[in-house]
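All remarks here apply to the structure that follows.
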Amino acid sequence: MMMRPIDRVTGLLSDLRMTPVDFEALFAGKNSLTPVESVELFLLEQQRLRVQKQNLLRRRRASLPAEKTMDSFDFGFQRSVSKEQMLRLSDMTWVEQAYNVCLLGPPGVGKTHLALSLAVKGLNLGYAVAFETLDTLMKILKTSEISRASKRRLRYLSKAALVIVDEVGFMPLSPAEANLFFSFVSSMAERTSMIITSNKGFDEWAEFLGDATITTAILDRLIHHCEIINMTGDSYRLKHRKSIT
């Protein structure tokens with residue numbers, strides 16, 4: 001049986017690693033196009049599909065626990081940070097300069113929400129972004145020599161333009177873990193932007209890191225080029241908790 005033209009074209013697209021398209025929908029009402037204009041329209045659609053695929057891939061690799069926006073953040077409730085300040089950071093020009101952002105404050109004040117909002121903005125602008133809690137980062141660092149998944153993730157973290165490390169300070173680190181964290185931060189310094197969220201002020205970091213020298217070395221690399229945002233106030237989650245009715 002002779003193949004239909006559409007089947008032959010689909011096969012050619014597959015051989016050329018191009019994305020199949022709905023030709024009837026793409027060219028509907030465009031019978032007056034010249035051959036060159038038809039090729040241009042098809043290539044523009046291929047470009048759109050490729051960008052869409054790259055965006056989806058970046059989002060999957062980022063591993064964000066949720067996508068947040070500045071518009072959904074309640075600046076009226078959380079007054080220790082201004083909307084203008086965060087919108088200024090939302091231009092993401094600081095990523096090109098490998099600057100860092102540290103969001104410090106007690107649980108529930110919106111640190112992770114703001115970090116995720118900046119992460120989403122970065123993804124939308126085409127940056128490679130990665131999100132890890134400090135706990136998961138420790139697991140990756142400790143198993144990177146024996147786990148292919150951890151080695152692959154660490155390689156992606158090293159290539160990302162923006163790395164978010166969430167929940168720094170919630171659990172104490174062992175001396176070995178503190179050294180791993182220092183090595184990781186050192187490898188990022190001056191090359192990759194980081195967003196750090198922590199429930200501890202910098203003066204308390206030595207407590208959970210367990211070593212004043214390591215703490216000084218880590219902070220020296222983190223805050224050399226850094227926007228530090230100290231957040232205060234009540235927990236938004238506790239204030240707006242919902243009970244079972």
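Labeling convention for the structure tokens: chains A, B, ... as they appear, residues from 1 per chain, ligands from 1 in order of appearance.
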
**OP:** Please provide the set of residues having any atom within 9 Å of Val165 of chain A, restricted to only C-alpha atoms, with same-chain residues fewer than 3 positions apart removed, written as a list in words.
**Re:** Ala130, Phe131, Glu132, Thr133, Leu134, Leu137, Val168, Met194, Ile195, Ile196, Thr197 and Ser198 of chain A

Output the selection as a PDB file, in the first residue's frame - N, CA and C atoms for each residue.
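In the end it all went to result_14.pdb:
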ATOM      1  N   ALA A 130      17.621  25.259  39.843  1.00  0.00           N
ATOM      2  CA  ALA A 130      17.533  24.023  40.621  1.00  0.00           C
ATOM      3  C   ALA A 130      17.117  24.344  42.050  1.00  0.00           C
ATOM      4  N   PHE A 131      16.258  23.502  42.608  1.00  0.00           N
ATOM      5  CA  PHE A 131      15.774  23.694  43.983  1.00  0.00           C
ATOM      6  C   PHE A 131      16.086  22.457  44.803  1.00  0.00           C
ATOM      7  N   GLU A 132      16.655  22.664  45.984  1.00  0.00           N
ATOM      8  CA  GLU A 132      16.874  21.576  46.942  1.00  0.00           C
ATOM      9  C   GLU A 132      16.703  22.129  48.354  1.00  0.00           C
ATOM     10  N   THR A 133      16.161  21.324  49.239  1.00  0.00           N
ATOM     11  CA  THR A 133      16.265  21.661  50.656  1.00  0.00           C
ATOM     12  C   THR A 133      17.681  21.298  51.087  1.00  0.00           C
ATOM     13  N   LEU A 134      18.139  21.852  52.201  1.00  0.00           N
ATOM     14  CA  LEU A 134      19.479  21.508  52.668  1.00  0.00           C
ATOM     15  C   LEU A 134      19.572  20.013  52.967  1.00  0.00           C
ATOM     16  N   LEU A 137      19.985  18.207  49.718  1.00  0.00           N
ATOM     17  CA  LEU A 137      21.313  18.525  49.189  1.00  0.00           C
ATOM     18  C   LEU A 137      22.379  17.701  49.894  1.00  0.00           C
ATOM     19  N   VAL A 168      17.684  26.057  55.399  1.00  0.00           N
ATOM     20  CA  VAL A 168      19.016  26.003  56.005  1.00  0.00           C
ATOM     21  C   VAL A 168      18.890  26.386  57.480  1.00  0.00           C
ATOM     22  N   MET A 194      22.872  31.912  44.092  1.00  0.00           N
ATOM     23  CA  MET A 194      22.167  31.072  45.044  1.00  0.00           C
ATOM     24  C   MET A 194      21.113  31.893  45.788  1.00  0.00           C
ATOM     25  N   ILE A 195      19.997  31.253  46.077  1.00  0.00           N
ATOM     26  CA  ILE A 195      19.012  31.800  47.005  1.00  0.00           C
ATOM     27  C   ILE A 195      19.004  30.891  48.215  1.00  0.00           C
ATOM     28  N   ILE A 196      19.282  31.452  49.352  1.00  0.00           N
ATOM     29  CA  ILE A 196      19.309  30.692  50.603  1.00  0.00           C
ATOM     30  C   ILE A 196      18.134  31.145  51.469  1.00  0.00           C
ATOM     31  N   THR A 197      17.349  30.204  51.962  1.00  0.00           N
ATOM     32  CA  THR A 197      16.340  30.547  52.968  1.00  0.00           C
ATOM     33  C   THR A 197      16.746  29.890  54.276  1.00  0.00           C
ATOM     34  N   SER A 198      16.663  30.653  55.347  1.00  0.00           N
ATOM     35  CA  SER A 198      17.083  30.124  56.647  1.00  0.00           C
ATOM     36  C   SER A 198      16.235  30.711  57.761  1.00  0.00           C
TER      37      SER A 198
END

**OP:** Please provide as a count of residues only all residues within 10 Å of segment 55-61 of chain A, with the sequence filter that same-chain residues fewer than 4 positions apart are discarded (counting only C-alpha atoms).
**Re:** 19

Original post:
atom CA of Lys30 of chain A to atom CA of Arg48 of chain A: how many Å, to one decimal?
Top reply: 18.7 Å

**OP:** Report the residues of segment 80-146 of chain A whose backbone DSSP state falls under helix (DSSP H, G or I), written as a PyMOL selection string.
**Re:** chain A and resi 83-89+93-96+111-124+134-143

Only N, CA, C and O atoms, please: the residues just picked out, written as a short mmCIF file (atom, residue, chain, number, x, y, z; two decimals), in the first residue's frame.
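That gives us again35.cif:
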data_model
loop_
_atom_site.label_atom_id
_atom_site.label_comp_id
_atom_site.auth_asym_id
_atom_site.auth_seq_id
_atom_site.Cartn_x
_atom_site.Cartn_y
_atom_site.Cartn_z
N LYS A 83 7.08 45.07 48.34
CA LYS A 83 6.83 44.57 46.99
C LYS A 83 7.82 45.20 46.00
O LYS A 83 8.29 44.53 45.07
N GLU A 84 8.15 46.45 46.20
CA GLU A 84 9.08 47.14 45.31
C GLU A 84 10.46 46.47 45.35
O GLU A 84 11.11 46.30 44.33
N GLN A 85 10.87 46.07 46.55
CA GLN A 85 12.16 45.41 46.71
C GLN A 85 12.19 44.08 45.94
O GLN A 85 13.15 43.78 45.24
N MET A 86 11.12 43.31 46.04
CA MET A 86 11.07 42.02 45.38
C MET A 86 10.89 42.17 43.87
O MET A 86 11.44 41.38 43.09
N LEU A 87 10.13 43.17 43.45
CA LEU A 87 9.98 43.40 42.00
C LEU A 87 11.31 43.82 41.39
O LEU A 87 11.60 43.48 40.23
N ARG A 88 12.11 44.54 42.17
CA ARG A 88 13.44 44.90 41.67
C ARG A 88 14.29 43.65 41.46
O ARG A 88 15.02 43.54 40.46
N LEU A 89 14.19 42.71 42.39
CA LEU A 89 14.92 41.46 42.23
C LEU A 89 14.36 40.61 41.09
O LEU A 89 15.07 39.78 40.50
N THR A 93 18.51 40.39 36.80
CA THR A 93 19.81 40.78 36.25
C THR A 93 20.95 40.36 37.16
O THR A 93 22.08 40.15 36.70
N TRP A 94 20.66 40.19 38.45
CA TRP A 94 21.69 39.78 39.40
C TRP A 94 22.21 38.37 39.14
O TRP A 94 23.32 38.02 39.54
N VAL A 95 21.40 37.56 38.45
CA VAL A 95 21.84 36.20 38.12
C VAL A 95 23.04 36.25 37.16
O VAL A 95 23.97 35.45 37.27
N GLU A 96 23.01 37.21 36.23
CA GLU A 96 24.12 37.35 35.28
C GLU A 96 25.42 37.70 36.00
O GLU A 96 26.51 37.42 35.51
N LYS A 111 9.45 33.03 53.29
CA LYS A 111 10.78 32.94 52.67
C LYS A 111 10.75 32.04 51.43
O LYS A 111 11.24 32.40 50.36
N THR A 112 10.20 30.85 51.59
CA THR A 112 10.18 29.90 50.48
C THR A 112 9.29 30.38 49.35
O THR A 112 9.60 30.19 48.17
N HIS A 113 8.17 31.02 49.69
CA HIS A 113 7.28 31.57 48.66
C HIS A 113 8.04 32.56 47.78
O HIS A 113 7.98 32.49 46.55
N LEU A 114 8.78 33.47 48.40
CA LEU A 114 9.52 34.46 47.64
C LEU A 114 10.64 33.81 46.83
O LEU A 114 10.89 34.19 45.67
N ALA A 115 11.30 32.82 47.43
CA ALA A 115 12.36 32.12 46.70
C ALA A 115 11.81 31.41 45.47
O ALA A 115 12.40 31.47 44.38
N LEU A 116 10.66 30.76 45.63
CA LEU A 116 10.04 30.06 44.50
C LEU A 116 9.55 31.05 43.44
O LEU A 116 9.61 30.76 42.24
N SER A 117 9.08 32.21 43.86
CA SER A 117 8.65 33.23 42.91
C SER A 117 9.82 33.68 42.04
O SER A 117 9.67 33.84 40.82
N LEU A 118 10.97 33.89 42.66
CA LEU A 118 12.16 34.27 41.89
C LEU A 118 12.63 33.13 41.00
O LEU A 118 13.08 33.35 39.87
N ALA A 119 12.49 31.90 41.49
CA ALA A 119 12.86 30.73 40.69
C ALA A 119 11.99 30.64 39.43
O ALA A 119 12.50 30.38 38.32
N VAL A 120 10.70 30.84 39.59
CA VAL A 120 9.78 30.80 38.45
C VAL A 120 10.10 31.90 37.46
O VAL A 120 10.10 31.68 36.23
N LYS A 121 10.40 33.08 37.97
CA LYS A 121 10.78 34.19 37.09
C LYS A 121 12.03 33.83 36.29
O LYS A 121 12.11 34.09 35.08
N GLY A 122 12.99 33.21 36.96
CA GLY A 122 14.20 32.78 36.28
C GLY A 122 13.92 31.76 35.20
O GLY A 122 14.47 31.83 34.08
N LEU A 123 13.07 30.80 35.50
CA LEU A 123 12.71 29.78 34.51
C LEU A 123 12.02 30.43 33.30
O LEU A 123 12.31 30.07 32.16
N ASN A 124 11.13 31.37 33.57
CA ASN A 124 10.42 32.03 32.48
C ASN A 124 11.36 32.83 31.57
O ASN A 124 11.08 33.02 30.39
N LEU A 134 18.14 21.85 52.20
CA LEU A 134 19.48 21.51 52.67
C LEU A 134 19.57 20.01 52.97
O LEU A 134 20.60 19.38 52.72
N ASP A 135 18.49 19.44 53.46
CA ASP A 135 18.48 18.01 53.77
C ASP A 135 18.70 17.16 52.52
O ASP A 135 19.53 16.25 52.52
N THR A 136 17.97 17.46 51.45
CA THR A 136 18.15 16.68 50.22
C THR A 136 19.51 16.97 49.59
O THR A 136 20.13 16.07 49.01
N LEU A 137 19.98 18.21 49.72
CA LEU A 137 21.31 18.52 49.19
C LEU A 137 22.38 17.70 49.89
O LEU A 137 23.31 17.19 49.26
N MET A 138 22.25 17.54 51.21
CA MET A 138 23.21 16.73 51.96
C MET A 138 23.20 15.27 51.46
O MET A 138 24.25 14.66 51.30
N LYS A 139 22.02 14.76 51.21
CA LYS A 139 21.92 13.38 50.71
C LYS A 139 22.59 13.25 49.36
O LYS A 139 23.28 12.25 49.08
N ILE A 140 22.42 14.25 48.51
CA ILE A 140 23.05 14.23 47.19
C ILE A 140 24.56 14.28 47.32
O ILE A 140 25.29 13.50 46.68
N LEU A 141 25.05 15.18 48.15
CA LEU A 141 26.50 15.34 48.31
C LEU A 141 27.14 14.10 48.92
O LEU A 141 28.25 13.70 48.52
N LYS A 142 26.44 13.48 49.86
CA LYS A 142 27.02 12.32 50.55
C LYS A 142 26.98 11.05 49.71
O LYS A 142 27.72 10.11 49.98
N THR A 143 26.13 11.01 48.70
CA THR A 143 25.99 9.78 47.89
C THR A 143 26.43 9.97 46.45
O THR A 143 26.27 9.06 45.64
#

Subject >> Å distance separating atom CA of Ile228 of chain A from atom CA of Pro175 of chain A, one decimal place >> reply: 26.0 Å

**OP:** Could you tell me how far atom CA of Ala98 of chain A lies from atom CA of Val81 of chain A, in Å and to one decimal?
**Re:** 22.2 Å

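The nearest approach to Ile229 of chain A among the residues A:Asn100, A:Ser187, A:Thr215, A:Asn31, with only C-alpha atoms taken into account, belongs to A:Asn100.
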
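Of the listed residues A:Leu44, A:Leu26, A:Leu33, A:Ile164, the one whose atoms come nearest to Val185 of chain A is A:Ile164, with distances taken using only C-alpha atoms.
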
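Neighbouring residues of Ala176 of chain A at 12 Å or closer, counting only C-alpha atoms and skipping chain neighbours under 4 positions away, are Met138, Leu141, Lys142, Pro172, Leu180, Phe181, Phe182, Ser183, Leu209, Gly210, Asp211 and Ile214 of chain A.
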
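Contact shell of Phe23 of chain A at 12 Å (only C-alpha atoms; same-chain neighbours under 4 positions omitted): Pro5, Ile6, Asp7, Val9, Thr10, Thr19, Phe27, Ala28, Gly29, Lys30, Ser38, Val39, Leu41, Phe42, Glu45 and Gln46 of chain A.
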